[in-house]
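Novice: Next comes data07.txt, compact mmCIF, C-alpha atoms:
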# COMPACT_ATOMS: atom_id res chain seq x y z
CA MET A 18 93.81 165.91 103.09
CA THR A 19 92.98 167.23 106.52
CA THR A 20 92.18 170.93 106.65
CA SER A 21 90.21 173.35 108.81
CA ASP A 22 90.12 175.91 105.97
CA ARG A 23 86.51 175.73 104.76
CA ARG A 24 87.31 177.53 101.52
CA LEU A 25 89.97 174.96 100.67
CA LEU A 26 87.75 172.08 101.79
CA GLN A 27 84.98 173.19 99.42
CA THR A 28 87.24 173.68 96.37
CA HIS A 29 86.64 170.27 94.81
CA GLY A 30 82.93 170.44 95.53
CA LYS A 31 82.76 173.82 93.85
CA LEU A 32 84.39 172.36 90.72
CA LEU A 33 81.76 169.62 90.63
CA GLN A 34 78.90 172.00 91.27
CA GLU A 35 79.99 174.31 88.47
CA ALA A 36 80.67 171.52 85.99
CA PHE A 37 77.72 169.21 86.67
CA GLY A 38 75.24 170.99 88.92
CA PHE A 39 75.77 168.55 91.78
CA THR A 40 74.93 169.51 95.33
CA VAL A 41 78.14 168.56 97.14
CA SER A 42 79.00 167.99 100.77
CA SER A 43 82.76 167.72 101.37
CA ARG A 44 84.49 166.21 104.34
CA CYS A 45 88.14 165.43 104.98
CA ILE A 46 89.78 162.51 106.73
CA PRO A 47 91.43 163.32 110.09
CA ASP A 48 95.07 163.58 111.02
CA GLN A 49 96.60 163.71 107.53
CA PRO A 50 97.38 167.39 106.84
CA SER A 51 99.74 166.46 103.99
CA GLY A 52 97.24 164.11 102.37
CA VAL A 53 98.18 160.85 100.65
CA TYR A 54 101.60 160.76 99.04
CA ASP A 55 103.20 157.33 99.59
CA GLN A 56 102.29 153.77 100.52
CA ALA A 57 102.28 154.41 104.26
CA SER A 58 99.97 157.42 104.04
CA LEU A 59 97.73 155.48 101.64
CA GLU A 60 97.38 152.58 104.04
CA THR A 61 96.66 154.98 106.90
CA ALA A 62 94.02 156.83 104.90
CA ALA A 63 92.10 153.84 103.57
CA PRO A 64 90.15 152.81 106.71
CA LYS A 65 89.41 156.47 107.46
CA VAL A 66 87.85 156.85 104.03
CA VAL A 67 85.68 153.78 104.58
CA GLN A 68 84.47 155.06 107.94
CA LEU A 69 83.74 158.53 106.59
CA ALA A 70 81.90 157.07 103.60
CA GLN A 71 79.69 155.01 105.88
CA GLU A 72 78.84 158.17 107.85
CA MET A 73 78.00 160.12 104.69
CA ALA A 74 76.24 157.46 102.63
CA GLY A 75 72.85 157.92 104.26
CA GLN A 76 72.65 161.52 103.05
CA ALA A 77 74.21 161.06 99.59
CA ASP A 78 73.26 159.63 96.22
CA ALA A 79 76.91 158.88 95.39
CA LEU A 80 80.42 159.38 96.75
CA ILE A 81 83.68 160.58 95.20
CA ILE A 82 87.02 159.79 96.83
CA SER A 83 88.83 162.97 95.85
CA CYS A 84 92.34 161.56 95.83
CA THR A 85 94.15 160.03 92.87
CA SER A 86 95.46 157.14 94.99
CA ASP A 87 91.82 156.08 95.55
CA PRO A 88 92.39 155.11 99.20
CA GLY A 89 89.94 152.48 100.39
CA LEU A 90 88.02 152.41 97.10
CA ALA A 91 87.26 148.68 96.95
CA ALA A 92 86.46 148.49 100.67
CA THR A 93 84.23 151.56 100.46
CA ARG A 94 82.27 150.11 97.55
CA ALA A 95 81.73 146.97 99.61
CA ALA A 96 80.63 148.97 102.64
CA VAL A 97 77.96 151.22 101.07
CA ASP A 98 75.16 150.65 98.56
CA ILE A 99 75.58 153.82 96.47
CA PRO A 100 78.03 154.48 93.60
CA VAL A 101 81.59 155.27 94.72
CA ILE A 102 84.03 156.82 92.26
CA GLY A 103 87.79 157.08 92.73
CA ALA A 104 89.41 160.17 91.23
CA GLY A 105 92.54 158.27 90.18
CA ALA A 106 90.75 155.55 88.25
CA ALA A 107 88.45 158.14 86.67
CA ALA A 108 91.35 160.35 85.57
CA ALA A 109 93.19 157.41 84.00
CA ALA A 110 90.09 156.27 82.15
CA ALA A 111 89.53 159.76 80.78
CA ALA A 112 93.16 160.08 79.66
CA LEU A 113 92.99 156.76 77.82
CA THR A 114 90.23 158.09 75.58
CA PHE A 115 92.87 160.21 73.86
CA GLY A 116 95.51 158.83 71.54
CA GLY A 117 99.27 159.02 72.00
CA ARG A 118 101.49 159.37 75.06
CA ILE A 119 99.98 160.40 78.37
CA GLY A 120 102.14 162.69 80.48
CA VAL A 121 101.68 162.25 84.22
CA LEU A 122 101.90 165.42 86.28
CA GLY A 123 102.00 164.92 90.01
CA LEU A 124 104.40 164.45 92.90
CA GLY A 125 107.81 163.94 91.35
CA ALA A 126 108.31 160.39 90.11
CA HIS A 127 105.53 159.02 92.36
CA VAL A 128 102.54 157.87 90.30
CA PRO A 129 99.42 156.73 92.17
CA GLY A 130 98.69 153.04 91.62
CA PRO A 131 95.31 153.47 89.90
CA ILE A 132 96.90 155.71 87.27
CA ALA A 133 100.10 153.72 86.74
CA ASP A 134 98.20 150.42 86.52
CA SER A 135 95.76 151.75 83.94
CA LEU A 136 98.11 153.72 81.71
CA GLY A 137 100.81 151.07 81.37
CA ASP A 138 103.28 151.74 78.57
CA ARG A 139 101.37 154.80 77.40
CA MET A 140 102.53 156.65 80.52
CA LEU A 141 105.20 159.31 80.11
CA LEU A 142 107.30 160.53 83.03
CA ILE A 143 110.23 162.93 83.03
CA ASP A 144 113.44 162.96 85.03
CA GLY A 145 113.76 165.94 87.31
CA GLY A 146 110.19 167.07 86.77
CA GLY A 147 108.31 167.75 89.97
CA ARG A 148 110.25 168.04 93.20
CA LEU A 149 107.15 168.19 95.38
CA GLU A 150 106.69 165.48 97.96
CA THR A 151 103.17 166.07 99.34
CA PRO A 152 99.93 167.44 97.83
CA ASP A 153 99.75 170.43 100.19
CA ALA A 154 102.92 171.78 98.50
CA PHE A 155 100.80 172.74 95.48
CA LEU A 156 99.20 175.41 97.65
CA MET A 157 102.50 177.30 97.85
CA PRO A 158 103.97 179.53 95.10
CA ALA A 159 107.00 177.27 94.67
CA GLY A 160 104.71 174.30 94.16
CA ILE A 161 102.70 176.12 91.49
CA PHE A 162 105.79 177.10 89.54
CA ASP A 163 107.20 173.60 89.89
CA ALA A 164 104.02 172.10 88.43
CA LEU A 165 104.04 174.55 85.53
CA ALA A 166 107.66 173.76 84.70
CA ALA A 167 107.04 169.99 84.90
CA ALA A 168 104.02 170.27 82.59
CA HIS A 169 106.07 172.13 79.97
CA MET A 170 108.75 169.45 80.22
CA LEU A 171 106.17 166.71 79.64
CA VAL A 172 104.91 168.35 76.46
CA ASP A 173 108.48 168.96 75.26
CA ALA A 174 109.15 165.25 75.89
CA GLY A 175 106.26 164.25 73.64
CA ALA A 176 103.14 164.10 75.80
CA ASP A 177 99.96 164.31 73.72
CA VAL A 178 97.73 164.65 76.78
CA ILE A 179 98.45 165.40 80.44
CA VAL A 180 96.73 163.74 83.37
CA GLN A 181 96.93 165.48 86.72
CA ALA A 182 97.96 162.74 89.12
CA SER A 183 97.19 164.73 92.25
CA THR A 184 93.95 166.39 93.25
CA GLY A 185 96.13 169.03 94.88
CA LEU A 186 96.37 170.42 91.34
CA SER A 187 92.57 170.57 91.22
CA SER A 188 92.61 172.71 94.36
CA ILE A 189 94.60 175.42 92.56
CA GLY A 190 92.75 175.26 89.23
CA MET A 191 95.82 174.11 87.35
CA ALA A 192 94.04 172.32 84.50
CA ASP A 193 92.62 175.46 82.89
CA VAL A 194 95.97 177.21 83.17
CA LEU A 195 97.79 174.34 81.46
CA ARG A 196 95.23 174.03 78.68
CA ARG A 197 95.72 177.69 77.80
CA ARG A 198 99.49 177.55 78.02
CA LEU A 199 100.20 174.20 76.41
CA GLY A 200 97.43 173.61 73.90
CA VAL A 201 97.01 169.93 74.78
CA PRO A 202 94.18 168.13 76.61
CA VAL A 203 94.62 168.20 80.38
CA ILE A 204 92.66 165.78 82.56
CA ASP A 205 91.59 167.12 85.93
CA ALA A 206 91.00 164.18 88.27
CA VAL A 207 88.12 165.74 90.18
CA THR A 208 86.08 166.66 87.11
CA ALA A 209 86.93 163.28 85.55
CA ALA A 210 85.41 161.67 88.63
CA GLY A 211 82.34 163.85 88.17
CA SER A 212 81.96 162.70 84.58
CA MET A 213 82.24 159.06 85.61
CA LEU A 214 79.76 159.63 88.40
CA VAL A 215 77.19 160.99 85.96
CA SER A 216 77.56 157.82 83.88
CA ALA A 217 77.30 155.59 86.96
CA VAL A 218 74.15 157.28 88.25
CA VAL A 219 72.50 157.18 84.82
CA ALA A 220 73.32 153.48 84.48
CA ARG A 221 71.91 152.81 87.94
CA GLU A 222 68.65 154.60 87.11
CA LEU A 223 68.30 152.73 83.82
CA GLN A 224 68.55 149.44 85.70
CA LYS A 225 65.47 150.43 87.69
CA VAL A 226 63.38 150.94 84.55
Take the structure in this file and express it as structure tokens.

Specialist:
Amino acid sequence: MTTSDRRLLQTHGKLLQEAFGFTVSSRCIPDQPSGVYDQASLETAAPKVVQLAQEMAGQADALIISCTSDPGLAATRAAVDIPVIGAGAAAAAAALTFGGRIGVLGLGAHVPGPIADSLGDRMLLIDGGGRLETPDAFLMPAGIFDALAAAHMLVDAGADVIVQASTGLSSIGMADVLRRRLGVPVIDAVTAAGSMLVSAVVARELQKV
């Protein structure tokens, strides 16, 4: 999402640096202060992501689209010649490595396409869980409490693992909090993308051998 707050802008990069040792440069798309939260905002974001990726590709070994809707993922991969990872697809793939029902924690009943398409009938949603409409709401106290309550409801409903279906939850460090409180695996989309990126880069290097 669009932000002029450098500390917030660097949050996802800091997660990746601490988890994997990456050197990360983070940039945000313009004119979307509430991020991507429905089909219209997704369609608006996609060409901006492609343009930004083309600007950054010359100084990067790989790119992560740090949004679980993966705006412009296919077009970005076609536009640059370095690995491009979508946080949504990565989070879903990580969640599927666990058995049982996968609880989706995000913006109300809205599930980003890459996650819904991958999880299929293993996906667990709850009625009334998550009243938030845009990712920036997770930055407010009410949004934090809402996410905590929804996560508890998912586990009570039978979720064996939780996937965070918004990288807004990554911005507030929610995954570690939920793991301690709930005792179930919690997939953070940003770090899932980092894990997939490591695999992609290793595979690319092996092809050169």

Novice: Around the point (95.0, 164.7, 109.8), in the coordinates given by the file, pick out the residues reaching within 10 Å, counting only C-alpha atoms, and return them as an MDAnalysis selection string.

Specialist: chainID A and resid 18:21 45:52 62

Novice: Could those selected residues go to a file with C-alpha atoms, as an mmCIF file, in the coordinates of the input?

Specialist:
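After the write, again.cif holds the following:
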data_model
loop_
_atom_site.group_PDB
_atom_site.id
_atom_site.type_symbol
_atom_site.label_atom_id
_atom_site.label_comp_id
_atom_site.auth_asym_id
_atom_site.auth_seq_id
_atom_site.Cartn_x
_atom_site.Cartn_y
_atom_site.Cartn_z
ATOM 1 C CA MET A 18 93.810 165.910 103.090
ATOM 2 C CA THR A 19 92.980 167.230 106.520
ATOM 3 C CA THR A 20 92.180 170.930 106.650
ATOM 4 C CA SER A 21 90.210 173.350 108.810
ATOM 5 C CA CYS A 45 88.140 165.430 104.980
ATOM 6 C CA ILE A 46 89.780 162.510 106.730
ATOM 7 C CA PRO A 47 91.430 163.320 110.090
ATOM 8 C CA ASP A 48 95.070 163.580 111.020
ATOM 9 C CA GLN A 49 96.600 163.710 107.530
ATOM 10 C CA PRO A 50 97.380 167.390 106.840
ATOM 11 C CA SER A 51 99.740 166.460 103.990
ATOM 12 C CA GLY A 52 97.240 164.110 102.370
ATOM 13 C CA ALA A 62 94.020 156.830 104.900
#

Novice: Just the number, please: distance in Å from atom CA of Gly190 of chain A to atom CA of His29 of chain A, one decimal.

Specialist: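 Between these atoms lies a distance of 9.7 Å.
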
Novice: Closest to Leu165 of chain A among A:Asp98, A:Asp193, A:Asp177, A:Asp138, using all atoms listed in the file?

Specialist: A:Asp193

Novice: Extract, using only C-alpha atoms, all DNA, RNA and protein residues at most 12 Å from Val194 of chain A, discarding same-chain residues fewer than 2 positions from it, and format them as a count of residues only.

Specialist: 22

Novice: Scan for residues within 12 Å of the point (85.3, 172.4, 92.8) in the coordinates of the file, using only C-alpha atoms, and reply as a ChimeraX atom specification.

Specialist: /A:24-43,83,184-191,205-211

Novice: Please compute the atom CA of Gln56 of chain A-atom CA of Ala91 of chain A distance, one decimal, in Å.

Specialist: 16.3 Å

Novice: Find the distance between atom CA of Gly125 of chain A and atom CA of Ser86 of chain A and write it in Å to one decimal.

Specialist: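 Going from atom CA of Gly125 of chain A over to atom CA of Ser86 of chain A covers 14.6 Å.
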
Novice: Rank nothing, just name the residue among A:Ser183, A:Met157, A:Asp22, A:Pro100 nearest to Asp87 of chain A, using all atoms listed in the file.

Specialist: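 Once distances to Asp87 of chain A are computed over all atoms listed in the file, the minimum belongs to A:Ser183.
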
Novice: Find the residues near Ala109 of chain A: any atom within 9 Å, counting all atoms listed in the file, skip ones fewer than 5 places away on the same chain, and give them as a PyMOL selection string.

Specialist: chain A and resi 104+114+131-136+180+182+204+206+209

Novice: Looking at A:Thr61, A:Val67, A:Cys84, A:Ala159, which one is nearest to Ala107 of chain A, with distances taken over all atoms listed in the file?

Specialist: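 Distance minimum relative to Ala107 of chain A lands on A:Cys84.
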
Novice: Between A:Gly160, A:Gly175, A:Pro64, A:Gly103, single out the one closest to Gly130 of chain A, counting all atoms listed in the file.

Specialist: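 Result for the nearest residue to Gly130 of chain A: A:Gly103.
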